[in-house]
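For reference, model_26.txt is printed below; it contains compact mmCIF, C-alpha atoms and all ligand atoms.
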# COMPACT_ATOMS: atom_id res chain seq x y z
CA MET G 1 0.00 0.00 0.00
CA PHE G 2 1.23 3.47 -0.90
CA VAL G 3 -0.21 6.85 -0.08
CA ASN G 4 -0.10 9.68 -2.57
CA LEU G 5 0.69 13.25 -1.63
CA GLU G 6 -2.94 14.31 -1.47
CA GLN G 7 -3.82 11.50 0.95
CA ALA G 8 -0.72 12.23 3.02
CA THR G 9 -1.69 15.94 3.12
CA THR G 10 -5.17 15.06 4.39
CA LEU G 11 -3.70 12.80 7.07
CA ILE G 12 -1.17 15.28 8.40
CA ILE G 13 -3.70 18.12 8.43
CA GLU G 14 -6.09 15.89 10.41
CA ARG G 15 -3.30 15.27 12.86
CA ALA G 16 -2.58 18.98 13.17
CA THR G 17 -6.29 19.75 13.62
CA ARG G 18 -6.36 17.26 16.49
CA LEU G 19 -3.50 19.11 18.15
CA VAL G 20 -5.38 22.40 17.66
CA SER G 21 -8.43 20.87 19.39
CA LEU G 22 -6.26 19.72 22.30
CA LEU G 23 -4.87 23.22 22.68
CA VAL G 24 -8.30 24.84 22.50
CA GLU G 25 -9.54 22.43 25.16
CA ASP G 26 -6.45 22.99 27.28
CA ARG G 27 -6.63 26.80 27.30
CA GLY G 28 -10.40 27.05 27.12
CA HIS G 29 -10.80 29.28 24.04
CA ASP G 30 -10.12 29.34 20.32
CA LYS G 31 -8.95 32.94 19.93
CA PRO G 32 -5.87 33.55 17.80
CA PRO G 33 -2.93 33.71 17.85
CA PHE G 34 -1.98 30.04 18.04
CA LEU G 35 1.69 30.08 18.98
CA PRO G 36 4.20 27.22 18.68
CA GLU G 37 5.12 27.58 22.38
CA GLU G 38 1.51 26.80 23.29
CA TYR G 39 1.67 23.53 21.36
CA ALA G 40 5.02 22.49 22.79
CA ARG G 41 3.92 20.50 25.82
CA LEU G 42 1.06 18.86 23.88
CA ALA G 43 3.48 17.70 21.18
CA GLY G 44 6.13 16.27 23.53
CA ILE G 45 8.48 19.24 23.19
CA LYS G 46 10.51 20.10 26.29
CA ARG G 47 11.27 23.62 25.17
CA ILE G 48 11.61 25.99 22.28
CA GLU G 49 14.68 28.17 22.50
CA LYS G 50 16.11 30.95 20.40
CA ALA G 51 19.60 30.32 19.16
CA ASP G 52 22.22 31.40 16.69
CA LEU G 53 22.21 28.43 14.34
CA GLY G 54 25.60 29.36 12.97
CA HIS G 55 26.86 30.27 9.56
CA ASP G 56 26.05 26.92 7.96
CA ARG G 57 22.44 27.20 8.95
CA ALA G 58 21.97 30.96 8.62
CA ASP G 59 19.09 30.31 6.21
CA ALA G 60 17.38 27.69 8.35
CA GLY G 61 14.35 28.81 10.31
CA ALA G 62 14.63 26.23 13.09
CA VAL G 63 16.05 22.82 13.92
CA LEU G 64 14.46 19.93 15.76
CA LEU G 65 16.56 17.97 18.25
CA ARG G 66 15.41 14.66 19.61
CA PHE G 67 16.33 13.60 23.14
CA ARG G 68 15.39 10.56 25.17
CA ASP G 69 12.86 12.56 27.19
CA GLY G 70 11.43 14.76 24.45
CA TYR G 71 12.21 17.25 21.71
CA VAL G 72 13.91 20.63 21.74
CA ILE G 73 13.34 23.14 18.96
CA LYS G 74 15.97 25.78 18.32
CA ALA G 75 14.59 28.76 16.44
CA ASN G 76 16.93 30.93 14.42
CA GLN G 77 17.05 34.18 16.39
CA ASN G 78 18.35 36.05 13.36
CA GLN G 79 15.08 35.56 11.47
CA ASN G 80 12.04 37.74 12.04
CA LEU G 81 9.45 36.55 14.57
CA ALA G 82 6.81 35.51 12.04
CA ARG G 83 9.37 33.36 10.23
CA GLN G 84 10.57 31.85 13.53
CA ARG G 85 7.00 30.92 14.48
CA PHE G 86 6.33 29.32 11.11
CA SER G 87 9.62 27.41 11.29
CA CYS G 88 8.86 26.11 14.80
CA ALA G 89 5.38 25.03 13.66
CA HIS G 90 7.02 23.34 10.66
CA GLU G 91 9.27 21.38 13.06
CA ILE G 92 6.17 20.32 15.02
CA GLY G 93 4.93 19.14 11.61
CA HIS G 94 8.00 16.85 11.43
CA ILE G 95 7.01 15.36 14.81
CA LEU G 96 3.44 14.75 13.60
CA LEU G 97 4.70 13.26 10.35
CA GLY G 98 6.94 10.90 12.33
CA GLU G 99 3.99 9.81 14.47
CA LEU G 100 1.95 9.02 11.37
CA GLU G 101 4.68 6.65 10.17
CA LEU G 102 3.85 7.58 6.60
CA GLU G 103 7.31 7.89 5.21
CA PRO G 104 7.91 4.24 4.34
CA LEU G 105 4.63 4.40 2.42
CA MET G 106 5.51 7.42 0.36
CA GLU G 107 9.03 6.70 -0.77
CA ASP G 108 8.15 6.87 -4.41
CA VAL G 109 6.28 10.15 -4.18
CA GLU G 110 9.43 12.19 -4.41
CA PHE G 111 10.21 10.89 -7.85
CA GLN G 112 6.79 10.72 -9.42
CA THR G 113 4.88 13.80 -8.45
CA PHE G 114 7.19 16.64 -9.25
CA ASN G 115 7.97 18.29 -12.45
CA PRO G 116 11.52 19.67 -12.44
CA GLN G 117 10.37 22.56 -14.68
CA SER G 118 7.93 23.87 -12.09
CA GLN G 119 8.55 26.70 -9.65
CA ALA G 120 10.96 26.36 -6.74
CA LYS G 121 8.19 25.92 -4.20
CA ASP G 122 6.83 22.94 -6.13
CA ARG G 123 10.23 21.33 -6.22
CA GLN G 124 10.46 21.18 -2.45
CA SER G 125 10.38 17.65 -1.21
CA PRO G 126 6.93 16.29 -0.40
CA ARG G 127 8.06 15.82 3.20
CA GLU G 128 8.77 19.53 3.60
CA ARG G 129 5.50 20.46 1.94
CA LEU G 130 3.58 18.19 4.32
CA CYS G 131 5.26 19.86 7.30
CA ASP G 132 4.35 23.27 5.86
CA ALA G 133 0.73 22.13 5.55
CA ALA G 134 0.78 21.06 9.20
CA ALA G 135 2.40 24.36 10.24
CA THR G 136 -0.26 26.33 8.37
CA GLU G 137 -3.06 24.44 10.12
CA LEU G 138 -1.40 24.85 13.54
CA LEU G 139 -0.90 28.62 13.20
CA MET G 140 -4.06 29.39 11.20
CA PRO G 141 -6.52 26.55 11.97
CA GLU G 142 -8.99 26.25 9.12
CA SER G 143 -12.16 26.55 11.21
CA VAL G 144 -10.93 29.61 13.11
CA PHE G 145 -9.35 31.36 10.11
CA LYS G 146 -12.54 30.90 8.08
CA LYS G 147 -14.58 32.47 10.86
CA TYR G 148 -12.37 35.57 10.82
CA LEU G 149 -12.22 35.62 7.03
CA SER G 150 -16.01 35.66 6.76
CA GLY G 151 -16.03 38.95 8.66
CA PHE G 152 -13.69 40.64 6.15
CA ASP G 153 -13.84 41.58 2.50
CA VAL G 154 -10.83 40.24 0.65
CA SER G 155 -8.43 43.17 0.51
CA ILE G 156 -4.82 43.91 1.34
CA LYS G 157 -6.01 45.78 4.42
CA SER G 158 -7.84 42.73 5.77
CA LEU G 159 -4.81 40.62 4.83
CA GLU G 160 -2.64 42.83 7.06
CA GLN G 161 -5.19 42.63 9.86
CA LEU G 162 -5.39 38.83 9.65
CA ALA G 163 -1.58 38.49 9.61
CA ASN G 164 -1.51 40.64 12.73
CA ILE G 165 -4.30 38.74 14.52
CA PHE G 166 -2.73 35.34 13.80
CA LYS G 167 0.85 36.62 14.25
CA VAL G 168 2.01 35.23 10.92
CA SER G 169 3.74 36.79 7.93
CA VAL G 170 1.74 38.64 5.30
CA GLN G 171 2.82 35.96 2.82
CA SER G 172 1.52 33.06 4.94
CA ALA G 173 -1.77 34.86 5.54
CA ALA G 174 -2.16 35.63 1.81
CA ILE G 175 -1.67 31.95 0.94
CA ARG G 176 -4.19 30.96 3.61
CA ILE G 177 -6.76 33.43 2.22
CA ALA G 178 -6.43 31.90 -1.27
CA GLU G 179 -6.80 28.44 0.25
CA LEU G 180 -9.86 29.17 2.35
CA ASN G 181 -11.80 32.15 1.06
CA VAL G 182 -15.35 31.28 -0.01
CA GLN G 183 -15.23 33.55 -3.05
CA PRO G 184 -12.41 32.22 -5.24
CA CYS G 185 -9.29 34.35 -5.09
CA LEU G 186 -5.61 34.12 -5.98
CA ALA G 187 -2.62 35.19 -3.92
CA LEU G 188 0.51 36.31 -5.78
CA LYS G 189 3.99 37.40 -4.81
CA TRP G 190 6.21 39.56 -7.02
CA ARG G 191 9.89 40.28 -6.62
CA SER G 192 12.27 42.68 -8.25
CA GLN G 193 14.05 41.16 -11.25
CA THR G 194 17.75 41.09 -10.64
CA GLY G 195 20.46 41.07 -13.23
CA THR G 196 18.50 43.04 -15.81
CA LYS G 197 18.88 46.67 -16.81
CA SER G 198 15.19 47.57 -16.95
CA LYS G 199 13.31 47.88 -13.70
CA SER G 200 10.62 45.27 -13.45
CA LEU G 201 8.99 42.71 -11.20
CA ARG G 202 8.76 38.99 -11.75
CA LEU G 203 6.11 36.64 -10.41
CA ALA G 204 7.61 34.57 -7.55
CA TRP G 205 4.55 32.44 -6.84
CA CYS G 206 0.82 32.24 -7.43
CA VAL G 207 -1.54 30.29 -5.17
CA PRO G 208 -4.87 29.32 -6.77
CA PRO G 209 -8.23 29.15 -5.00
CA GLY G 210 -8.32 26.15 -2.69
CA GLY G 211 -4.53 26.05 -2.42
CA LYS G 212 -1.72 24.49 -4.38
CA SER G 213 -2.00 20.97 -3.12
CA ARG G 214 -5.72 20.68 -3.89
CA VAL G 215 -6.33 22.35 -7.20
CA LYS G 216 -5.18 20.68 -10.37
CA ALA G 217 -6.22 23.50 -12.67
CA ASN G 218 -3.49 25.80 -13.84
CA TYR G 219 -4.40 29.31 -12.68
CA MET G 220 -1.77 31.87 -13.60
CA PRO G 221 -1.49 35.46 -14.74
CA VAL G 222 -0.95 35.70 -18.50
CA HIS G 223 1.96 38.11 -17.95
CA THR G 224 4.41 37.15 -15.22
CA ILE G 225 6.66 40.19 -15.63
CA ALA G 226 5.49 43.69 -14.63
CA GLY G 227 7.36 46.68 -16.10
CA HIS G 228 8.33 49.89 -14.34
CA THR G 229 5.20 51.73 -15.56
CA SER G 230 2.80 49.08 -14.21
CA ALA G 231 0.47 49.41 -11.23
CA LEU G 232 2.41 46.61 -9.59
CA TYR G 233 5.65 48.55 -9.82
CA LYS G 234 3.89 51.53 -8.27
CA ALA G 235 2.98 49.27 -5.33
CA TYR G 236 6.62 48.17 -5.13
CA GLN G 237 7.81 51.78 -4.90
CA SER G 238 5.23 53.17 -2.49
CA GLU G 239 3.51 52.17 0.74
CA ASN G 240 0.03 52.49 -0.80
CA TYR G 241 -2.65 49.98 -1.64
CA VAL G 242 -2.75 49.84 -5.44
CA LYS G 243 -5.82 48.64 -7.29
CA SER G 244 -5.49 47.35 -10.83
CA SER G 245 -6.72 44.52 -12.99
CA LYS G 246 -4.88 41.65 -14.60
CA LEU G 247 -5.42 39.00 -17.23
CA PHE G 248 -5.47 35.49 -15.82
CA ARG G 249 -5.45 32.13 -17.48
CA LEU G 250 -7.96 30.11 -15.48
CA GLY G 251 -7.77 26.57 -16.76
CA THR G 252 -9.04 26.87 -20.33
CA VAL G 253 -10.38 30.45 -20.18
CA THR G 254 -8.66 33.83 -20.01
CA ARG G 255 -10.28 36.55 -17.95
CA ARG G 256 -9.47 40.00 -16.58
CA CYS G 257 -9.82 40.12 -12.79
CA PRO G 258 -9.64 42.95 -10.26
CA MET G 259 -6.51 42.89 -8.14
CA GLU G 260 -5.15 44.78 -5.15
CA SER G 261 -1.44 44.96 -4.32
CA LYS G 262 0.96 46.34 -1.76
CA GLY G 263 4.72 46.36 -1.23
CA PHE G 264 6.29 44.90 1.92
CA GLY G 265 9.82 44.52 3.28
CA ARG G 266 12.81 46.65 2.45
CA GLU G 267 15.57 46.93 -0.07
CA GLU G 268 16.69 43.61 -1.50
CA THR G 269 14.00 41.68 0.38
CA ARG G 270 11.20 43.99 -0.80
CA TYR G 271 8.30 42.25 -2.49
CA VAL G 272 4.72 42.88 -3.57
CA ILE G 273 1.73 40.79 -2.54
CA SER G 274 -1.42 40.83 -4.66
CA LEU G 275 -4.86 39.39 -4.10
CA ALA G 276 -7.02 38.89 -7.20
CA LEU G 277 -10.73 38.13 -7.00
CA LEU G 278 -12.00 35.77 -9.66
CA GLY G 279 -15.67 36.64 -9.32
CA LYS G 280 -18.04 34.42 -11.23
ZN ZN G 301 11.54 20.51 7.41
Here is a file; write its structure as structure tokens.
Ligand SMILES: [Zn+2]
Amino acid sequence: MFVNLEQATTLIIERATRLVSLLVEDRGHDKPPFLPEEYARLAGIKRIEKADLGHDRADAGAVLLRFRDGYVIKANQNQNLARQRFSCAHEIGHILLGELELEPLMEDVEFQTFNPQSQAKDRQSPRERLCDAAATELLMPESVFKKYLSGFDVSIKSLEQLANIFKVSVQSAAIRIAELNVQPCLALKWRSQTGTKSKSLRLAWCVPPGGKSRVKANYMPVHTIAGHTSALYKAYQSENYVKSSKLFRLGTVTRRCPMESKGFGREETRYVISLALLGK
């Protein structure tokens, strides 16, 4: 018997949801944020500490250490808090994945499912993607996030509010909105193009309605580069909310959809997040 990635995703999210329920029961309410430290004891973690992970692991968000009497998570203190939280939740995902004992059943997934031509995020190993799915559910539990989402219109402003309420990055919240919003919407990230003379932005990722792991249809903007005169570039250069519209390829049809964008971060890490509503 083998499990495919979709089945494995369902299983690990179920496991994460169970941990969320335990926490809600334990603390007596389901109000966000849901922080990794709160899950620690329930997941057999002795402590979560902040550490300098050293030069070799400067890019790592966190590491999971296993001891006889429990786990220790070391979060990279040089990363911002939202990233540290997501990384710690991701490590809890590794614990849940271990408990599921799925890995012997999914050995062949790594080789079959992924197209080497696809974007970097798709190339990540299935194991890492499963732990990200668990982390997302732990920090932004579906039932709770949906409740908050139903009280907001989809906009960059509500995205910022949700990121703040759940204490996650704007990027993680944008992906979650695309995954869970009732009215279909897309979340996109744009980054400055490096190594070219002309100033422009390039699409870094695009999350379709329902999320990447669920939707087979190929939903993408027709143009994945935005020039220096575009509305997107205006968002990159200012601190304003910028409304525009964009052509999207939605499976077999092409349609123009309203989009709102804003720039975040500074200098070389600056990026633009867009939310596009697909309407009917
Ligand atoms: Zn990992």
As a compact mmCIF listing (two decimals) with C-alpha atoms, in the coordinates of the input, please: every protein or nucleic acid residue near ligand ZN 301 (chain G) (cut-off 9 Å, counting all atoms listed in the file).
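Output contents, as saved in out.txt:
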# COMPACT_ATOMS: atom_id res chain seq x y z
CA ALA G 62 14.63 26.23 13.09
CA VAL G 63 16.05 22.82 13.92
CA LEU G 64 14.46 19.93 15.76
CA SER G 87 9.62 27.41 11.29
CA HIS G 90 7.02 23.34 10.66
CA GLU G 91 9.27 21.38 13.06
CA GLY G 93 4.93 19.14 11.61
CA HIS G 94 8.00 16.85 11.43
CA ARG G 127 8.06 15.82 3.20
CA GLU G 128 8.77 19.53 3.60
CA ARG G 129 5.50 20.46 1.94
CA LEU G 130 3.58 18.19 4.32
CA CYS G 131 5.26 19.86 7.30
CA ASP G 132 4.35 23.27 5.86
Can you pull out the residues contacting Ile175 in chain G? Cut-off 12 Å, using only C-alpha atoms, and skip same-chain residues under 4 positions away; I want them as a ChimeraX atom specification.
/G:132-133,136-137,140,145,159,162-163,168-171,179-181,185-189,205-213,273-276
Kindly export the residues of the current selection with C-alpha atoms, as a compact mmCIF listing (two decimals), in the frame of the given file.
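File written: again.txt
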# COMPACT_ATOMS: atom_id res chain seq x y z
CA ASP G 132 4.35 23.27 5.86
CA ALA G 133 0.73 22.13 5.55
CA THR G 136 -0.26 26.33 8.37
CA GLU G 137 -3.06 24.44 10.12
CA MET G 140 -4.06 29.39 11.20
CA PHE G 145 -9.35 31.36 10.11
CA LEU G 159 -4.81 40.62 4.83
CA LEU G 162 -5.39 38.83 9.65
CA ALA G 163 -1.58 38.49 9.61
CA VAL G 168 2.01 35.23 10.92
CA SER G 169 3.74 36.79 7.93
CA VAL G 170 1.74 38.64 5.30
CA GLN G 171 2.82 35.96 2.82
CA GLU G 179 -6.80 28.44 0.25
CA LEU G 180 -9.86 29.17 2.35
CA ASN G 181 -11.80 32.15 1.06
CA CYS G 185 -9.29 34.35 -5.09
CA LEU G 186 -5.61 34.12 -5.98
CA ALA G 187 -2.62 35.19 -3.92
CA LEU G 188 0.51 36.31 -5.78
CA LYS G 189 3.99 37.40 -4.81
CA TRP G 205 4.55 32.44 -6.84
CA CYS G 206 0.82 32.24 -7.43
CA VAL G 207 -1.54 30.29 -5.17
CA PRO G 208 -4.87 29.32 -6.77
CA PRO G 209 -8.23 29.15 -5.00
CA GLY G 210 -8.32 26.15 -2.69
CA GLY G 211 -4.53 26.05 -2.42
CA LYS G 212 -1.72 24.49 -4.38
CA SER G 213 -2.00 20.97 -3.12
CA ILE G 273 1.73 40.79 -2.54
CA SER G 274 -1.42 40.83 -4.66
CA LEU G 275 -4.86 39.39 -4.10
CA ALA G 276 -7.02 38.89 -7.20
List the spatial neighbours of Gly54 in chain G as a list in words - criterion: any atom at most 10 Å away, all atoms listed in the file, same-chain residues fewer than 6 positions off excluded.
Ala60, Asn76 and Asn78 of chain G
Test item: residues at most 10 Å from Asn240 in chain G, only C-alpha atoms, excluding those fewer than 5 positions along its chain, as a PyMOL selection string:
chain G and resi 234-235+261-263
Output the selection as a compact mmCIF listing (two decimals), in the coordinates of the input - C-alpha atoms for each residue.
# COMPACT_ATOMS: atom_id res chain seq x y z
CA LYS G 234 3.89 51.53 -8.27
CA ALA G 235 2.98 49.27 -5.33
CA SER G 261 -1.44 44.96 -4.32
CA LYS G 262 0.96 46.34 -1.76
CA GLY G 263 4.72 46.36 -1.23
Go ahead and find all residues with at least one atom no further than 8 Å from (5.3, 27.0, 21.3) in the file's coordinates, using all atoms listed in the file; report them as a list of chain:residue names.
G:Leu35, G:Pro36, G:Glu37, G:Glu38, G:Tyr39, G:Ala40, G:Arg47, G:Ile48, G:Cys88, G:Ala89
Which residue out of G:Val72, G:Ala16, G:Val222, G:Arg41 has the minimum interatomic distance to Gly251 in chain G when all atoms listed in the file are used?
G:Val222
Could you tell me, as a ChimeraX atom specification, which residues have any atom at most 7 Å from (6.2, 38.0, -12.2), counting only C-alpha atoms?
/G:190,201-204,224-226
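Each of G:Phe2, G:Tyr236, G:Phe264, G:Tyr219 was checked against Glu103 in chain G using only C-alpha atoms; the smallest atom-to-atom distance is that of G:Phe2.
Using all atoms listed in the file, the smallest distance between any of G:Lys167, G:Arg85, G:Lys46, G:Arg191 and Tyr271 in chain G comes from G:Arg191.
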